[in-house]
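Printed here is start-v6.cif (mmCIF, C-alpha atoms):
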```cif
data_structure
#
loop_
_atom_site.label_atom_id
_atom_site.label_comp_id
_atom_site.auth_asym_id
_atom_site.auth_seq_id
_atom_site.Cartn_x
_atom_site.Cartn_y
_atom_site.Cartn_z
CA MET A 935 86.22 97.75 66.51
CA ILE A 936 88.12 99.12 69.50
CA ARG A 937 88.68 95.92 71.44
CA LEU A 938 87.82 95.54 75.11
CA ALA A 939 91.20 94.02 76.01
CA TYR A 940 94.48 93.19 74.31
CA PRO A 941 97.46 91.40 75.93
CA ASP A 942 100.72 93.36 76.06
CA MET A 943 102.88 90.84 74.21
CA SER A 944 104.49 90.26 70.82
CA PHE A 945 105.79 87.19 69.03
CA LYS A 946 109.20 88.82 68.66
CA GLU A 947 109.83 88.94 72.42
CA VAL A 948 109.06 85.23 72.93
CA SER A 949 109.97 83.55 69.62
CA GLY A 950 113.47 82.47 70.65
CA GLU A 951 112.39 80.92 73.95
CA LEU A 952 109.37 79.26 72.36
CA LYS A 953 111.63 77.60 69.81
CA LYS A 954 113.90 76.30 72.58
CA VAL A 955 110.95 74.81 74.45
CA ILE A 956 109.45 73.16 71.39
CA ASP A 957 112.82 71.79 70.25
CA SER A 958 113.49 70.42 73.74
CA GLY A 959 110.34 68.29 73.68
CA TRP A 960 109.72 69.21 77.35
CA LEU A 961 106.32 70.88 77.16
CA THR A 962 104.88 70.81 80.68
CA LYS A 963 106.13 71.66 84.18
CA GLY A 964 109.76 72.06 83.31
CA PRO A 965 112.44 74.75 83.71
CA LYS A 966 110.31 77.53 82.21
CA THR A 967 107.50 76.82 84.69
CA GLN A 968 110.01 77.11 87.52
CA GLU A 969 111.40 80.33 86.04
CA LEU A 970 107.92 81.86 85.85
CA GLU A 971 107.19 80.88 89.46
CA GLU A 972 110.47 82.33 90.70
CA ALA A 973 110.02 85.60 88.78
CA ALA A 974 106.46 85.99 90.13
CA ARG A 975 107.55 85.04 93.66
CA LYS A 976 110.22 87.74 93.74
CA TYR A 977 107.98 90.39 92.22
CA LEU A 978 105.07 89.68 94.57
CA LYS A 979 107.41 89.41 97.60
CA VAL A 980 106.15 86.04 98.82
CA ARG A 981 107.84 82.85 100.00
CA GLU A 982 106.02 80.52 97.63
CA ALA A 983 104.48 80.82 94.15
CA ILE A 984 102.83 77.87 92.39
CA SER A 985 101.70 78.13 88.76
CA VAL A 986 98.42 76.48 87.74
CA SER A 987 96.22 76.12 84.68
CA SER A 988 93.77 78.95 85.49
CA GLY A 989 92.67 81.44 88.12
CA THR A 990 89.74 79.15 88.92
CA ALA A 991 92.15 76.26 89.50
CA ALA A 992 94.08 78.55 91.88
CA LEU A 993 90.95 79.23 93.94
CA HIS A 994 89.93 75.56 93.93
CA LEU A 995 93.32 74.31 95.13
CA SER A 996 93.50 77.02 97.78
CA LEU A 997 90.27 75.86 99.39
CA LEU A 998 91.37 72.22 99.22
CA ALA A 999 94.71 73.08 100.83
CA LEU A 1000 92.85 74.79 103.70
CA GLY A 1001 90.68 71.71 104.21
CA ILE A 1002 87.43 73.51 103.48
CA GLY A 1003 84.52 71.21 102.63
CA ALA A 1004 81.07 69.98 103.60
CA GLY A 1005 79.42 71.94 106.42
CA ASP A 1006 81.74 74.95 106.03
CA GLU A 1007 80.82 78.43 104.84
CA VAL A 1008 82.99 80.89 102.94
CA ILE A 1009 82.12 84.57 102.50
CA VAL A 1010 82.54 86.00 99.00
CA PRO A 1011 81.30 89.20 97.30
CA ASP A 1012 77.99 88.97 95.47
CA PHE A 1013 79.28 91.26 92.70
CA THR A 1014 82.12 89.37 91.03
CA PHE A 1015 82.78 86.71 88.42
CA PRO A 1016 81.11 83.49 89.66
CA ALA A 1017 84.34 81.43 89.77
CA ALA A 1018 85.05 82.58 93.34
CA ALA A 1019 81.66 81.31 94.53
CA ASN A 1020 81.62 78.24 92.28
CA VAL A 1021 84.77 76.71 93.76
CA ILE A 1022 83.27 77.03 97.25
CA GLU A 1023 80.26 75.02 96.11
CA ILE A 1024 82.47 72.52 94.26
CA VAL A 1025 84.37 71.58 97.45
CA GLY A 1026 81.03 70.98 99.19
CA ALA A 1027 80.93 74.17 101.25
CA ARG A 1028 78.39 76.99 101.07
CA ALA A 1029 79.10 80.28 99.30
CA VAL A 1030 77.80 83.08 101.54
CA LEU A 1031 77.34 86.21 99.46
CA ALA A 1032 78.07 89.69 100.82
CA ASP A 1033 77.23 93.11 99.40
CA ILE A 1034 79.83 95.55 98.11
CA ASP A 1035 80.89 99.17 98.58
CA LYS A 1036 79.43 101.28 95.74
CA ASP A 1037 82.47 103.57 95.64
CA THR A 1038 85.05 100.80 95.02
CA LEU A 1039 82.92 97.80 93.95
CA ASN A 1040 84.89 95.71 96.47
CA ILE A 1041 83.38 93.62 99.26
CA ASP A 1042 82.16 95.74 102.19
CA PRO A 1043 83.83 94.73 105.49
CA CYS A 1044 80.66 95.71 107.38
CA GLU A 1045 78.72 93.17 105.32
CA ILE A 1046 81.36 90.51 106.06
CA ARG A 1047 80.79 90.94 109.80
CA LYS A 1048 77.05 90.36 109.36
CA LYS A 1049 77.62 87.02 107.62
CA ILE A 1050 79.97 85.35 110.12
CA ASN A 1051 78.69 82.42 112.18
CA ARG A 1052 80.13 79.26 113.73
CA ARG A 1053 80.28 77.52 110.32
CA THR A 1054 82.30 80.29 108.66
CA LYS A 1055 85.82 79.14 107.78
CA ALA A 1056 87.16 81.68 105.30
CA ILE A 1057 86.73 84.97 103.44
CA ILE A 1058 87.51 85.47 99.76
CA PRO A 1059 87.94 89.22 99.16
CA VAL A 1060 88.23 90.14 95.47
CA HIS A 1061 90.50 93.00 94.37
CA GLN A 1062 87.88 94.08 91.86
CA PHE A 1063 89.29 95.33 88.54
CA GLY A 1064 92.71 95.80 90.16
CA TYR A 1065 91.55 98.15 92.94
CA PRO A 1066 92.75 96.78 96.31
CA ALA A 1067 90.12 95.58 98.76
CA GLU A 1068 90.20 96.86 102.38
CA MET A 1069 92.67 94.20 103.47
CA GLY A 1070 93.61 95.88 106.74
CA GLU A 1071 90.04 95.70 108.01
CA ILE A 1072 89.40 92.30 106.44
CA MET A 1073 92.46 90.78 108.09
CA LYS A 1074 91.38 92.20 111.49
CA ILE A 1075 87.97 90.56 111.06
CA ALA A 1076 89.57 87.29 109.99
CA ARG A 1077 92.07 87.12 112.84
CA LYS A 1078 89.45 88.03 115.44
CA ASN A 1079 87.21 85.20 114.21
CA ARG A 1080 89.98 82.72 113.35
CA LEU A 1081 89.14 82.68 109.66
CA TYR A 1082 91.33 82.01 106.65
CA VAL A 1083 91.68 84.67 103.96
CA VAL A 1084 92.10 83.72 100.28
CA GLU A 1085 92.74 86.83 98.19
CA ASP A 1086 91.18 86.68 94.75
CA ALA A 1087 93.81 88.83 93.05
CA ALA A 1088 92.89 87.63 89.56
CA CYS A 1089 92.79 91.24 88.34
CA ALA A 1090 95.47 92.61 90.65
CA PHE A 1091 98.93 91.43 89.56
CA GLY A 1092 100.91 94.53 90.59
CA SER A 1093 98.27 96.25 92.73
CA LYS A 1094 99.60 97.48 96.07
CA ILE A 1095 98.49 98.50 99.55
CA GLY A 1096 101.39 100.57 100.79
CA SER A 1097 104.45 98.42 100.13
CA LYS A 1098 102.48 95.15 100.21
CA MET A 1099 101.48 93.49 96.97
CA CYS A 1100 97.92 92.27 96.60
CA GLY A 1101 97.99 88.50 96.89
CA SER A 1102 100.69 88.55 99.57
CA ILE A 1103 98.56 89.58 102.54
CA GLY A 1104 96.09 86.73 103.16
CA ASP A 1105 96.83 83.07 103.81
CA LEU A 1106 96.80 82.47 100.06
CA GLY A 1107 96.61 84.66 96.96
CA CYS A 1108 95.13 83.65 93.61
CA PHE A 1109 95.95 85.21 90.24
CA SER A 1110 94.60 84.71 86.73
CA PHE A 1111 96.58 84.94 83.49
CA HIS A 1112 93.51 85.09 81.23
CA PRO A 1113 93.85 87.43 78.21
CA ARG A 1114 91.83 90.18 79.94
CA LYS A 1115 94.24 90.30 82.86
CA ILE A 1116 97.34 92.48 83.32
CA ILE A 1117 99.61 89.68 82.11
CA SER A 1118 98.44 86.67 80.13
CA THR A 1119 99.58 83.17 79.29
CA GLY A 1120 96.42 82.46 77.27
CA GLU A 1121 94.98 80.46 80.14
CA GLY A 1122 96.84 80.10 83.40
CA GLY A 1123 97.07 81.19 87.00
CA LEU A 1124 99.19 81.41 90.12
CA ILE A 1125 98.87 80.71 93.84
CA THR A 1126 100.98 82.61 96.37
CA THR A 1127 101.53 82.00 100.07
CA ASN A 1128 104.01 82.62 102.85
CA ASP A 1129 103.20 79.25 104.42
CA PRO A 1130 105.42 76.39 103.13
CA LYS A 1131 103.01 73.76 104.47
CA LEU A 1132 100.12 75.21 102.45
CA ALA A 1133 102.39 75.44 99.40
CA LYS A 1134 103.26 71.75 99.72
CA LYS A 1135 99.56 70.82 99.87
CA VAL A 1136 98.78 72.98 96.84
CA ARG A 1137 101.56 71.37 94.80
CA ARG A 1138 100.35 67.89 95.75
CA PHE A 1139 96.74 68.64 94.76
CA ARG A 1140 97.96 70.28 91.52
CA GLU A 1141 99.58 67.01 90.42
CA HIS A 1142 97.02 64.27 91.02
CA GLY A 1143 97.67 64.19 94.79
CA MET A 1144 101.11 62.75 94.09
CA ASP A 1145 104.17 62.54 96.35
CA ILE A 1146 107.49 61.49 94.83
CA SER A 1147 109.96 59.62 97.02
CA GLY A 1148 113.08 58.49 95.23
CA ASN A 1149 111.93 56.41 92.27
CA ASP A 1150 108.50 55.79 93.75
CA ARG A 1151 105.25 57.71 93.35
CA MET A 1152 102.51 57.65 95.96
CA PHE A 1153 99.07 59.23 95.60
CA SER A 1154 98.01 60.38 99.05
CA GLU A 1155 95.16 62.62 97.84
CA ALA A 1156 92.56 62.54 95.09
CA GLY A 1157 94.14 65.39 93.14
CA PHE A 1158 93.97 67.08 89.77
CA ASN A 1159 96.06 67.91 86.74
CA TYR A 1160 96.14 71.69 87.11
CA ARG A 1161 99.62 72.26 85.69
CA ILE A 1162 100.55 75.05 83.30
CA SER A 1163 102.45 74.30 80.07
CA GLU A 1164 106.04 75.34 79.33
CA ILE A 1165 104.77 77.28 76.30
CA SER A 1166 102.40 79.26 78.51
CA ALA A 1167 105.19 79.87 81.01
CA VAL A 1168 107.37 81.45 78.29
CA LEU A 1169 104.60 83.97 77.57
CA GLY A 1170 104.26 84.77 81.27
CA ILE A 1171 107.99 85.22 81.89
CA ALA A 1172 108.27 87.83 79.13
CA GLN A 1173 105.50 89.90 80.68
CA VAL A 1174 106.63 89.58 84.30
CA LYS A 1175 109.98 90.99 83.17
CA LYS A 1176 108.26 94.16 81.92
CA ILE A 1177 105.35 94.28 84.38
CA GLU A 1178 106.22 97.69 85.81
CA LYS A 1179 106.43 99.12 82.30
CA ILE A 1180 102.99 97.67 81.53
CA ILE A 1181 101.54 99.17 84.71
CA ARG A 1182 103.06 102.61 84.01
CA LYS A 1183 101.43 102.56 80.57
CA ARG A 1184 98.07 101.63 82.08
CA LEU A 1185 98.24 104.35 84.73
CA LYS A 1186 99.11 106.95 82.10
CA LEU A 1187 96.23 105.80 79.90
CA ALA A 1188 93.86 105.83 82.88
CA GLY A 1189 94.70 109.49 83.49
CA LYS A 1190 93.96 110.29 79.85
CA MET A 1191 90.66 108.38 79.99
CA ARG A 1192 89.60 110.22 83.15
CA ARG A 1193 90.34 113.60 81.57
CA ALA A 1194 88.60 112.70 78.30
CA LEU A 1195 85.44 111.54 80.12
CA GLY A 1196 85.34 114.64 82.32
CA GLY A 1197 85.13 118.29 81.35
CA PRO A 1198 82.18 120.65 80.80
CA LYS A 1199 80.48 118.39 78.28
CA ALA A 1200 80.36 115.39 80.63
CA PRO A 1201 76.76 114.28 81.37
CA ALA A 1202 75.64 114.69 84.98
CA GLY A 1203 75.14 110.94 85.43
CA LEU A 1204 78.60 109.88 84.24
CA ARG A 1205 81.13 108.75 86.88
CA VAL A 1206 84.44 106.91 86.78
CA ILE A 1207 84.62 104.10 89.39
CA PRO A 1208 86.43 104.66 91.68
CA ALA A 1209 86.09 108.45 91.56
CA SER A 1210 89.62 108.70 93.01
CA VAL A 1211 92.30 106.32 94.27
CA ASP A 1212 92.92 106.39 98.02
CA LYS A 1213 96.37 107.47 99.15
CA GLY A 1214 98.74 104.56 99.62
CA LEU A 1215 96.95 102.31 97.11
CA ARG A 1216 98.01 101.39 93.60
CA HIS A 1217 95.10 100.65 91.29
CA ILE A 1218 96.30 98.99 88.08
CA TYR A 1219 93.07 99.32 86.08
CA GLN A 1220 92.59 95.77 84.86
CA SER A 1221 89.32 97.23 83.60
CA PHE A 1222 88.20 100.84 83.25
CA ILE A 1223 84.74 101.12 84.83
CA VAL A 1224 82.22 103.94 84.51
CA SER A 1225 78.68 104.28 85.77
CA ASP A 1226 75.65 106.06 84.38
CA ASP A 1227 73.54 107.10 87.35
CA SER A 1228 70.83 108.53 85.08
CA CYS A 1229 69.84 105.17 83.55
CA LYS A 1230 67.78 102.23 84.77
CA ASP A 1231 69.74 99.67 82.76
CA ILE A 1232 73.26 100.03 81.32
CA ARG A 1233 72.82 97.42 78.59
CA PRO A 1234 71.25 99.72 75.93
CA LEU A 1235 74.31 101.97 76.24
CA ILE A 1236 76.57 98.93 75.77
CA SER A 1237 74.63 98.00 72.60
CA LEU A 1238 74.93 101.55 71.29
CA LEU A 1239 78.69 101.63 71.88
CA ARG A 1240 79.13 98.32 70.07
CA LYS A 1241 77.22 99.69 67.09
CA LYS A 1242 79.77 102.51 67.07
CA GLY A 1243 82.64 99.99 67.03
CA ILE A 1244 83.49 100.12 70.73
CA GLU A 1245 83.59 96.75 72.52
CA ALA A 1246 82.10 97.69 75.91
CA THR A 1247 80.54 95.13 78.24
CA ILE A 1248 78.78 94.77 81.60
CA SER A 1249 81.22 95.36 84.45
CA ASN A 1250 80.41 92.09 86.24
CA VAL A 1251 77.51 89.90 87.37
CA VAL A 1252 75.51 89.58 90.57
CA ILE A 1253 75.91 86.01 91.74
CA HIS A 1254 72.65 85.77 93.69
CA ARG A 1255 70.70 86.26 90.44
CA GLN A 1256 72.44 83.39 88.61
CA PRO A 1257 70.17 80.34 88.10
CA TYR A 1258 72.21 77.94 90.26
CA TYR A 1259 72.34 80.29 93.26
CA ARG A 1260 68.82 81.63 92.85
CA LYS A 1261 67.42 78.09 92.81
CA LYS A 1262 69.55 76.82 95.71
CA TYR A 1263 69.42 79.79 98.09
CA ALA A 1264 66.46 81.92 96.87
CA LEU A 1265 68.25 85.18 97.69
CA LYS A 1266 66.51 88.50 96.96
CA ASP A 1267 67.78 91.74 95.46
CA ARG A 1268 66.95 93.66 98.64
CA GLY A 1269 69.81 91.92 100.43
CA PHE A 1270 72.36 93.27 97.92
CA PRO A 1271 71.40 96.85 96.96
CA SER A 1272 74.92 98.00 96.02
CA SER A 1273 75.64 94.86 94.03
CA VAL A 1274 72.41 95.24 92.06
CA TRP A 1275 73.15 98.93 91.49
CA ALA A 1276 76.61 98.12 90.09
CA TYR A 1277 75.19 95.50 87.73
CA GLU A 1278 72.50 97.84 86.42
CA HIS A 1279 74.58 101.05 86.17
CA CYS A 1280 78.24 100.15 85.54
CA LEU A 1281 80.06 99.13 82.37
CA ALA A 1282 83.61 98.27 81.37
CA LEU A 1283 85.13 100.30 78.55
CA PRO A 1284 87.95 99.17 76.26
CA PHE A 1285 91.22 99.46 78.17
CA HIS A 1286 94.63 98.11 77.22
CA THR A 1287 98.12 99.35 76.37
CA LYS A 1288 97.45 99.42 72.61
CA LEU A 1289 94.84 102.19 72.93
CA THR A 1290 95.76 105.36 71.04
CA LYS A 1291 94.90 108.99 71.81
CA ALA A 1292 92.36 108.84 68.98
CA ASP A 1293 90.80 105.69 70.45
CA ILE A 1294 90.37 107.37 73.84
CA GLY A 1295 88.78 110.43 72.24
CA ARG A 1296 86.41 108.26 70.24
CA ILE A 1297 85.42 106.21 73.32
CA ALA A 1298 84.81 109.30 75.47
CA GLU A 1299 82.76 111.06 72.79
CA ALA A 1300 80.60 107.97 72.20
CA VAL A 1301 79.98 107.45 75.94
CA LYS A 1302 78.97 111.09 76.46
CA GLU A 1303 76.69 111.08 73.41
CA GLY A 1304 75.21 107.73 74.42
CA ILE A 1305 74.34 108.84 77.93
#
```

Encoded form using structure tokens:
Amino acid sequence: MIRLAYPDMSFKEVSGELKKVIDSGWLTKGPKTQELEEAARKYLKVREAISVSSGTAALHLSLLALGIGAGDEVIVPDFTFPAAANVIEIVGARAVLADIDKDTLNIDPCEIRKKINRRTKAIIPVHQFGYPAEMGEIMKIARKNRLYVVEDAACAFGSKIGSKMCGSIGDLGCFSFHPRKIISTGEGGLITTNDPKLAKKVRRFREHGMDISGNDRMFSEAGFNYRISEISAVLGIAQVKKIEKIIRKRLKLAGKMRRALGGPKAPAGLRVIPASVDKGLRHIYQSFIVSDDSCKDIRPLISLLRKKGIEATISNVVIHRQPYYRKKYALKDRGFPSSVWAYEHCLALPFHTKLTKADIGRIAEAVKEGI
């Protein structure tokens, strides 16, 4: 089986530091956690970086730090992993779903404008699959309407818009270190911000709502235990150190995948998404997405590829079709034509730094034959 994803790590590069951590007996929120945060902060060019237990925890704490709750609305793309919408609902606000741009699969700024009302408090743009969202336009919309922006950069550690790193542009940025992401700590995440006051709130919520003053501990908020472990931090540090090397590998492999899927034998319906990368953007290909415009449903092709030993999967889900959101808001497909199209026509192919030339050839041949 050619696996869908595979973290770029080895035991050899972390064994020494893991031994030190285990022998020290200090297994959570210690010096390695601080080292990971500092390495990520410098790389992402932000004032503050706070490690957490998952990308979902990052989103949750970000909304809490902004004071978003009952009666508020937050705009989020309909085509994305449900975590971004779920945390909005969890804090008592309403997730307002917006359609996407078919060419990039990112939230459409025009659709954002349509959803804004007096209850709107924030926008959560998702840098889908590592391709940067239209942050220039989104930030204009947000500033004009006095809205917060929380970047869901779960897939975009290292993606850029010009010289700016994704996750450094909005009020807060949220990253995931799940095994399918560019770097992984098993489970884990990160929050970034240039606002020290927001960072202080995030840290307090991360640790049970606790403030430490001298030898005393006071709990001023009802917080959570969303800390990352020292063992996880060791894994993250090793990958942050070589992040540019990882990204160069992925970009090189993406070029090979594009060439292998193209050519005279490519079926008319086959497209790589996005077809090209806009000038000034760096797309890091957290996933490699293709569409089959000739089909009505991509899932039979996914089944066929798996039978051939290729672990493909749906690209993402449409949130308005999920039972919780369908029951609560009764939204219809006609309100999200691009999102529905992406769900029915797009798939994620295996993509990671351990792919070989033979793997890429086998994937491309199977996709072409399948279509």

Expressed in Å, the length from CA of Ile1024 in chain A to CA of Ile1009 in chain A is 14.6 Å

Please list, as a ChimeraX atom specification, the residues that have an atom at most 12 Å away from (81.5, 73.8, 99.7) in the coordinates of this file, counting only C-alpha atoms.
/A:994,997-998,1001-1009,1018-1030,1053-1056

So what does the PyMOL selection byres ((chain A and resi 1095-1111) around 6) actually pick up in this one, as a count of residues only?
26

For Lys1131 in chain A, work out the shell of residues within 12 Å, counting all atoms listed in the file and skipping chain neighbours fewer than 2 positions away, then give it as an MDAnalysis selection string.
chainID A and resid 981:982 999:1000 1105:1106 1127:1129 1133:1138

For those residues, write C-alpha atoms to a file as a PDB file, keeping the file's coordinate frame.
```pdb
ATOM      1  CA  ARG A 981     107.840  82.850 100.000  1.00  0.00           C
ATOM      2  CA  GLU A 982     106.020  80.520  97.630  1.00  0.00           C
ATOM      3  CA  ALA A 999      94.710  73.080 100.830  1.00  0.00           C
ATOM      4  CA  LEU A1000      92.850  74.790 103.700  1.00  0.00           C
ATOM      5  CA  ASP A1105      96.830  83.070 103.810  1.00  0.00           C
ATOM      6  CA  LEU A1106      96.800  82.470 100.060  1.00  0.00           C
ATOM      7  CA  THR A1127     101.530  82.000 100.070  1.00  0.00           C
ATOM      8  CA  ASN A1128     104.010  82.620 102.850  1.00  0.00           C
ATOM      9  CA  ASP A1129     103.200  79.250 104.420  1.00  0.00           C
ATOM     10  CA  ALA A1133     102.390  75.440  99.400  1.00  0.00           C
ATOM     11  CA  LYS A1134     103.260  71.750  99.720  1.00  0.00           C
ATOM     12  CA  LYS A1135      99.560  70.820  99.870  1.00  0.00           C
ATOM     13  CA  VAL A1136      98.780  72.980  96.840  1.00  0.00           C
ATOM     14  CA  ARG A1137     101.560  71.370  94.800  1.00  0.00           C
ATOM     15  CA  ARG A1138     100.350  67.890  95.750  1.00  0.00           C
TER      16      ARG A1138
END
```

Rounded to one decimal, what separation in Å do you get between CA of Leu938 in chain A and CA of Glu1245 in chain A?
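For CA of Leu938 in chain A relative to CA of Glu1245 in chain A, the distance reads 5.1 Å.
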
Give me the residues within 9 Å of Lys1183 in chain A as an NGL selection string, counting only C-alpha atoms and dropping any in the same chain fewer than 4 places off.
:A and (1178-1179 or 1187-1188 or 1286-1287)

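You will find CA of Tyr1219 in chain A at 11.1 Å from CA of Arg1114 in chain A.
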
Decode the PyMOL selection byres ((chain A and resi 1140) around 8) for the given file into explicit residues and return them as a VMD selection string.
chain A and resid 986 995 1136 to 1139 1141 to 1143 1157 to 1161

Go ahead and write the selection's residues with C-alpha atoms as a tab-separated table (two decimals), in the coordinates of the input.
```tsv
chain	number	residue	atom	x	y	z
A	986	VAL	CA	98.42	76.48	87.74
A	995	LEU	CA	93.32	74.31	95.13
A	1136	VAL	CA	98.78	72.98	96.84
A	1137	ARG	CA	101.56	71.37	94.80
A	1138	ARG	CA	100.35	67.89	95.75
A	1139	PHE	CA	96.74	68.64	94.76
A	1141	GLU	CA	99.58	67.01	90.42
A	1142	HIS	CA	97.02	64.27	91.02
A	1143	GLY	CA	97.67	64.19	94.79
A	1157	GLY	CA	94.14	65.39	93.14
A	1158	PHE	CA	93.97	67.08	89.77
A	1159	ASN	CA	96.06	67.91	86.74
A	1160	TYR	CA	96.14	71.69	87.11
A	1161	ARG	CA	99.62	72.26	85.69
```

Any chance you could work out the residue set of the PyMOL selection byres ((chain A and resi 1236) around 8) here, as a PDB file with C-alpha atoms, in the coordinates of the input?
```pdb
ATOM      1  CA  ILE A1232      73.260 100.030  81.320  1.00  0.00           C
ATOM      2  CA  ARG A1233      72.820  97.420  78.590  1.00  0.00           C
ATOM      3  CA  PRO A1234      71.250  99.720  75.930  1.00  0.00           C
ATOM      4  CA  LEU A1235      74.310 101.970  76.240  1.00  0.00           C
ATOM      5  CA  SER A1237      74.630  98.000  72.600  1.00  0.00           C
ATOM      6  CA  LEU A1238      74.930 101.550  71.290  1.00  0.00           C
ATOM      7  CA  LEU A1239      78.690 101.630  71.880  1.00  0.00           C
ATOM      8  CA  ARG A1240      79.130  98.320  70.070  1.00  0.00           C
ATOM      9  CA  ALA A1246      82.100  97.690  75.910  1.00  0.00           C
ATOM     10  CA  THR A1247      80.540  95.130  78.240  1.00  0.00           C
ATOM     11  CA  ILE A1248      78.780  94.770  81.600  1.00  0.00           C
ATOM     12  CA  LEU A1281      80.060  99.130  82.370  1.00  0.00           C
TER      13      LEU A1281
END
```

Find the residues with any atom within 10 Å of (103.9, 79.5, 76.4); use all atoms listed in the file and the coordinates as given in the file, and write the answer as an NGL selection string.
:A and (948-949 or 951-952 or 955-956 or 961-962 or 966-967 or 1118-1122 or 1162-1172)

Hey, what's within 10 Å of Asp1042 in chain A if we count all atoms listed in the file and toss same-chain stuff fewer than 6 positions away? As a list of chain:residue names, please?
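The residues that qualify are A:Pro1011, A:Ala1032, A:Asp1033, A:Ile1034, A:Asp1035, A:Lys1036, A:Pro1059, A:Ala1067, A:Glu1068, A:Glu1071, A:Ile1072, A:Ser1272.
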
Nearest residue to Ile1116 in chain A out of A:Gly959, A:Gly1070, A:Gly1197, A:Gly1064, using all atoms listed in the file?
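Of A:Gly959, A:Gly1070, A:Gly1197, A:Gly1064, the one nearest Ile1116 in chain A, counting all atoms listed in the file, is A:Gly1064.
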
Which residues are close to range 1274-1277 of chain A, i.e. within 8 Å by only C-alpha atoms, leaving aside same-chain residues fewer than 5 positions away? Reply as an NGL selection string.
:A and (1013 or 1036 or 1039 or 1225 or 1248-1252 or 1267)

Using C-alpha atoms, can you export the residues from the last selection as a short mmCIF file (atom, residue, chain, number, x, y, z; two decimals), keeping the file's coordinate frame?
```cif
data_model
loop_
_atom_site.label_atom_id
_atom_site.label_comp_id
_atom_site.auth_asym_id
_atom_site.auth_seq_id
_atom_site.Cartn_x
_atom_site.Cartn_y
_atom_site.Cartn_z
CA PHE A 1013 79.28 91.26 92.70
CA LYS A 1036 79.43 101.28 95.74
CA LEU A 1039 82.92 97.80 93.95
CA SER A 1225 78.68 104.28 85.77
CA ILE A 1248 78.78 94.77 81.60
CA SER A 1249 81.22 95.36 84.45
CA ASN A 1250 80.41 92.09 86.24
CA VAL A 1251 77.51 89.90 87.37
CA VAL A 1252 75.51 89.58 90.57
CA ASP A 1267 67.78 91.74 95.46
#
```

Using only C-alpha atoms, which of the listed residues (A:Met1191, A:Val1010, A:Met1144, A:Ile1075) sits closest to Gly1295 in chain A?
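Distance minimum relative to Gly1295 in chain A lands on A:Met1191.
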
Using only C-alpha atoms, determine which residues lie at most 9 Å from Glu1299 in chain A, disregarding the query and same-chain residues fewer than 5 positions distant; provide the list as a list of chain:residue names.
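In the requested format, the answer is A:Ala1194, A:Leu1195, A:Ile1294, A:Gly1304.
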
What are the centre and the three edge lengths of an axis-aligned box that wraps all atoms of range 1266-1276 of chain A in the file, given that 3 Å is added to every side, written as JSON and rounded to one decimal in Å?
```
{"center_x": 71.6, "center_y": 93.7, "center_z": 95.3, "size_x": 16.1, "size_y": 16.4, "size_z": 16.3}
```

Which of these, A:Asp1227, A:Glu972, A:Glu1278, A:Asp1012, has the shortest distance to Gln1256 in chain A once you count only C-alpha atoms?
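Result for the nearest residue to Gln1256 in chain A: A:Asp1012.
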